[in-house]
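**Student:** Structure file entry_4.cif (mmCIF, C-alpha atoms) right here:
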```cif
data_model
#
loop_
_atom_site.group_PDB
_atom_site.id
_atom_site.type_symbol
_atom_site.label_atom_id
_atom_site.label_comp_id
_atom_site.auth_asym_id
_atom_site.auth_seq_id
_atom_site.Cartn_x
_atom_site.Cartn_y
_atom_site.Cartn_z
ATOM 1 C CA MET A 1 12.930 -4.582 23.655
ATOM 2 C CA PRO A 2 11.209 -3.927 26.992
ATOM 3 C CA ASP A 3 10.176 -6.840 29.161
ATOM 4 C CA THR A 4 6.824 -7.357 27.515
ATOM 5 C CA PRO A 5 5.129 -10.633 28.353
ATOM 6 C CA LEU A 6 5.357 -12.889 25.340
ATOM 7 C CA ILE A 7 3.242 -15.866 24.376
ATOM 8 C CA PHE A 8 6.412 -17.651 23.256
ATOM 9 C CA PRO A 9 9.211 -16.304 25.485
ATOM 10 C CA ARG A 10 11.810 -18.461 23.759
ATOM 11 C CA LEU A 11 11.362 -16.301 20.649
ATOM 12 C CA ARG A 12 12.567 -13.130 22.411
ATOM 13 C CA PRO A 13 16.089 -13.367 20.876
ATOM 14 C CA LEU A 14 14.532 -13.597 17.412
ATOM 15 C CA TYR A 15 12.240 -10.629 18.116
ATOM 16 C CA ASP A 16 15.176 -8.605 19.411
ATOM 17 C CA ARG A 17 17.216 -9.324 16.272
ATOM 18 C CA LEU A 18 14.366 -8.544 13.860
ATOM 19 C CA GLN A 19 13.060 -5.380 15.510
ATOM 20 C CA PRO A 20 15.445 -2.936 13.729
ATOM 21 C CA LEU A 21 14.696 -4.613 10.405
ATOM 22 C CA ALA A 22 10.915 -4.227 10.810
ATOM 23 C CA TYR A 23 11.002 -0.432 10.520
ATOM 24 C CA THR A 24 13.212 -0.583 7.442
ATOM 25 C CA VAL A 25 10.852 -3.060 5.801
ATOM 26 C CA LEU A 26 7.879 -0.786 6.583
ATOM 27 C CA ARG A 27 9.678 2.259 5.141
ATOM 28 C CA VAL A 28 10.787 0.462 1.963
ATOM 29 C CA LEU A 29 7.378 -1.118 1.345
ATOM 30 C CA ALA A 30 5.368 2.059 2.026
ATOM 31 C CA GLY A 31 7.642 4.085 -0.241
ATOM 32 C CA GLY A 32 7.684 1.396 -2.918
ATOM 33 C CA MET A 33 3.924 0.961 -2.951
ATOM 34 C CA MET A 34 3.330 4.700 -3.371
ATOM 35 C CA LEU A 35 6.179 4.947 -5.887
ATOM 36 C CA GLN A 36 4.350 2.770 -8.390
ATOM 37 C CA PHE A 37 1.546 5.335 -8.704
ATOM 38 C CA GLY A 38 3.937 8.201 -9.336
ATOM 39 C CA PHE A 39 5.981 6.117 -11.783
ATOM 40 C CA LYS A 40 2.907 5.124 -13.766
ATOM 41 C CA LYS A 41 1.665 8.711 -14.022
ATOM 42 C CA LEU A 42 5.093 10.202 -14.706
ATOM 43 C CA PHE A 43 6.322 7.742 -17.327
ATOM 44 C CA LEU A 44 3.398 5.700 -18.673
ATOM 45 C CA THR A 45 -0.124 7.125 -18.564
ATOM 46 C CA GLY A 46 0.388 10.807 -17.839
ATOM 47 C CA VAL A 47 -1.398 13.081 -15.407
ATOM 48 C CA GLY A 48 -4.774 13.065 -17.197
ATOM 49 C CA PRO A 49 -6.867 11.468 -14.434
ATOM 50 C CA ASP A 50 -5.277 13.651 -11.760
ATOM 51 C CA LEU A 51 -5.760 16.719 -13.933
ATOM 52 C CA ALA A 52 -9.463 15.951 -14.390
ATOM 53 C CA HIS A 53 -9.846 15.422 -10.648
ATOM 54 C CA MET A 54 -8.106 18.729 -9.847
ATOM 55 C CA GLN A 55 -10.426 20.523 -12.270
ATOM 56 C CA ASN A 56 -13.482 18.854 -10.699
ATOM 57 C CA LEU A 57 -12.330 20.045 -7.275
ATOM 58 C CA GLY A 58 -11.858 23.556 -8.621
ATOM 59 C CA LEU A 59 -8.141 23.625 -7.873
ATOM 60 C CA GLU A 60 -6.508 26.015 -10.282
ATOM 61 C CA PRO A 61 -4.058 25.955 -11.928
ATOM 62 C CA ALA A 62 -5.063 22.311 -12.182
ATOM 63 C CA LEU A 63 -2.134 21.306 -14.400
ATOM 64 C CA VAL A 64 0.383 22.616 -11.873
ATOM 65 C CA TRP A 65 -1.369 20.769 -9.012
ATOM 66 C CA ALA A 66 -1.537 17.550 -11.020
ATOM 67 C CA TYR A 67 2.194 17.605 -11.764
ATOM 68 C CA PHE A 68 2.927 18.539 -8.146
ATOM 69 C CA VAL A 69 0.972 15.519 -6.904
ATOM 70 C CA VAL A 70 2.734 13.213 -9.366
ATOM 71 C CA ALA A 71 6.134 14.629 -8.394
ATOM 72 C CA VAL A 72 5.387 14.099 -4.692
ATOM 73 C CA GLU A 73 4.141 10.564 -5.346
ATOM 74 C CA PHE A 74 7.291 9.697 -7.281
ATOM 75 C CA PHE A 75 10.177 11.608 -5.704
ATOM 76 C CA ALA A 76 9.013 11.618 -2.078
ATOM 77 C CA SER A 77 8.199 7.910 -2.267
ATOM 78 C CA LEU A 78 11.602 7.217 -3.762
ATOM 79 C CA GLY A 79 13.255 9.182 -0.959
ATOM 80 C CA VAL A 80 11.292 7.386 1.752
ATOM 81 C CA GLY A 81 12.034 4.003 0.216
ATOM 82 C CA LEU A 82 15.750 4.746 -0.023
ATOM 83 C CA GLY A 83 15.914 6.403 3.393
ATOM 84 C CA LEU A 84 16.835 9.870 2.061
ATOM 85 C CA LEU A 85 15.251 12.900 3.750
ATOM 86 C CA THR A 86 12.647 10.566 5.167
ATOM 87 C CA ARG A 87 10.996 13.016 7.565
ATOM 88 C CA PRO A 88 10.279 15.849 5.108
ATOM 89 C CA PHE A 89 9.273 13.408 2.371
ATOM 90 C CA ALA A 90 7.061 11.447 4.764
ATOM 91 C CA VAL A 91 5.351 14.687 5.837
ATOM 92 C CA MET A 92 4.695 15.506 2.169
ATOM 93 C CA LEU A 93 3.266 12.031 1.568
ATOM 94 C CA LEU A 94 1.219 12.271 4.766
ATOM 95 C CA GLY A 95 -0.332 15.484 3.475
ATOM 96 C CA LEU A 96 -0.965 13.912 0.081
ATOM 97 C CA VAL A 97 -2.612 10.844 1.585
ATOM 98 C CA THR A 98 -4.712 13.023 3.904
ATOM 99 C CA VAL A 99 -6.056 15.057 0.984
ATOM 100 C CA MET A 100 -6.576 11.878 -1.027
ATOM 101 C CA LEU A 101 -8.556 10.316 1.831
ATOM 102 C CA VAL A 102 -10.702 13.389 2.499
ATOM 103 C CA THR A 103 -11.469 14.352 -1.109
ATOM 104 C CA VAL A 104 -11.632 11.016 -2.918
ATOM 105 C CA LEU A 105 -11.513 7.788 -0.956
ATOM 106 C CA ILE A 106 -13.713 8.405 2.093
ATOM 107 C CA PRO A 107 -16.476 10.225 0.158
ATOM 108 C CA ARG A 108 -16.514 7.342 -2.313
ATOM 109 C CA GLY A 109 -17.084 5.004 0.632
ATOM 110 C CA GLU A 110 -14.731 2.289 -0.555
ATOM 111 C CA GLY A 111 -11.040 1.742 -1.057
ATOM 112 C CA TYR A 112 -10.000 3.969 1.834
ATOM 113 C CA GLN A 113 -8.542 1.153 3.946
ATOM 114 C CA LEU A 114 -5.186 1.148 2.159
ATOM 115 C CA GLY A 115 -5.109 4.939 2.356
ATOM 116 C CA LEU A 116 -5.557 4.746 6.116
ATOM 117 C CA LEU A 117 -2.752 2.215 6.312
ATOM 118 C CA TRP A 118 -0.486 4.529 4.295
ATOM 119 C CA TRP A 119 -1.491 7.406 6.546
ATOM 120 C CA GLY A 120 -0.387 5.453 9.593
ATOM 121 C CA ALA A 121 2.846 4.321 7.971
ATOM 122 C CA PHE A 122 3.820 7.811 6.800
ATOM 123 C CA ALA A 123 2.850 9.311 10.182
ATOM 124 C CA LEU A 124 5.199 6.839 11.885
ATOM 125 C CA ILE A 125 7.979 7.515 9.377
ATOM 126 C CA ALA A 126 7.521 11.297 9.727
ATOM 127 C CA THR A 127 7.863 11.119 13.500
ATOM 128 C CA ARG A 128 10.676 8.580 13.610
ATOM 129 C CA GLY A 129 12.732 9.499 10.521
ATOM 130 C CA GLY A 130 15.617 7.363 9.326
#
```
What would you get if you wrote out this structure as structure tokens?
**Tutor:**
Amino acid sequence: MPDTPLIFPRLRPLYDRLQPLAYTVLRVLAGGMMLQFGFKKLFLTGVGPDLAHMQNLGLEPALVWAYFVVAVEFFASLGVGLGLLTRPFAVMLLGLVTVMLVTVLIPRGEGYQLGLLWWGAFALIATRGG
């Protein structure tokens, strides 16, 4: 860690030991949080809501897009969480979150804060990898 002025300098050894773990925790949590959405759609509720949204946006073939989104949510999130192919999967999730923010969350005017947090997390993971 560079010589950054600290409020509690005696904690520098702790910060130095925990720094490598912080990125892993971010990667696992970001992947795990997104994974739950893909899991739910893939194994429990189906792609119905995503399919309806794709049709409302005029994206055809809507069924193909809906399954693509669910597959990205599940498999890319799993890969990011496990640390497998993190850069390409993070780029896919970054694209997904960007579209989600622009087409759904920001126009709705609420609920976009978590999407912005995911965007930042997946942007960091895409640039750093690992």
**Student:** Quick one: residues within 8 Å of segment 26-33 of chain A, only C-alpha atoms, excluding same-chain residues fewer than 3 positions away - as a ChimeraX atom specification?
**Tutor:** /A:22-23,36-37,76-83,118,121-122,125
**Student:** Neighbours of Thr4 of chain A within 12 Å (all atoms listed in the file; same-chain residues fewer than 5 positions away dropped), as an mmCIF file with C-alpha atoms, in the frame of the given file?
**Tutor:**
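Result written to around36.cif:
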```cif
data_model
loop_
_atom_site.group_PDB
_atom_site.id
_atom_site.type_symbol
_atom_site.label_atom_id
_atom_site.label_comp_id
_atom_site.auth_asym_id
_atom_site.auth_seq_id
_atom_site.Cartn_x
_atom_site.Cartn_y
_atom_site.Cartn_z
ATOM 1 C CA PRO A 9 9.211 -16.304 25.485
ATOM 2 C CA ARG A 12 12.567 -13.130 22.411
ATOM 3 C CA TYR A 15 12.240 -10.629 18.116
ATOM 4 C CA ASP A 16 15.176 -8.605 19.411
#
```
**Student:** Select, from A:Pro20, A:Val104, A:Met34, A:Phe89, the residue with the minimum atom-to-atom distance to Asp50 of chain A, counting only C-alpha atoms.
**Tutor:**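 Looking only at the distances to Asp50 of chain A, the closest residue turns out to be A:Val104.
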**Student:** Taking the file above as input, evaluate the PyMOL selection byres ((chain A and resi 67) around 10) and report the hits as a PyMOL selection string.
**Tutor:** chain A and resi 38+41-42+46-48+50-51+62-66+68-73
**Student:** Just how far from atom CA of Thr127 of chain A is atom CA of Leu6 of chain A, in Å to one decimal?
**Tutor:**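 Between atom CA of Leu6 of chain A and atom CA of Thr127 of chain A the gap works out to 26.9 Å.
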**Student:** Atom CA of Leu116 of chain A to atom CA of Phe74 of chain A: how many Å, to one decimal?
**Tutor:**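 Computing the Euclidean distance for atom CA of Leu116 of chain A and atom CA of Phe74 of chain A yields 19.2 Å.
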**Student:** So the first atom is atom CA of Ala126 of chain A and the second is atom CA of Leu94 of chain A; what is the distance between them in Å, to one decimal place?
**Tutor:**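 Between atom CA of Ala126 of chain A and atom CA of Leu94 of chain A the gap is 8.1 Å.
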**Student:** Hey, which of A:Leu114, A:Leu18, A:Ala123, A:Val25 ends up closest to Met92 of chain A? Count all atoms listed in the file.
**Tutor:** A:Ala123
**Student:** List, as a list in words, every residue that the PyMOL selection byres ((chain A and resi 115) around 9) selects in the file provided.
**Tutor:**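 That selection, the PyMOL selection byres ((chain A and resi 115) around 9), comes back as Val97, Thr98, Met100, Leu101, Leu105, Gly111, Tyr112, Gln113, Leu114, Leu116, Leu117, Trp118, Trp119 and Gly120 of chain A.
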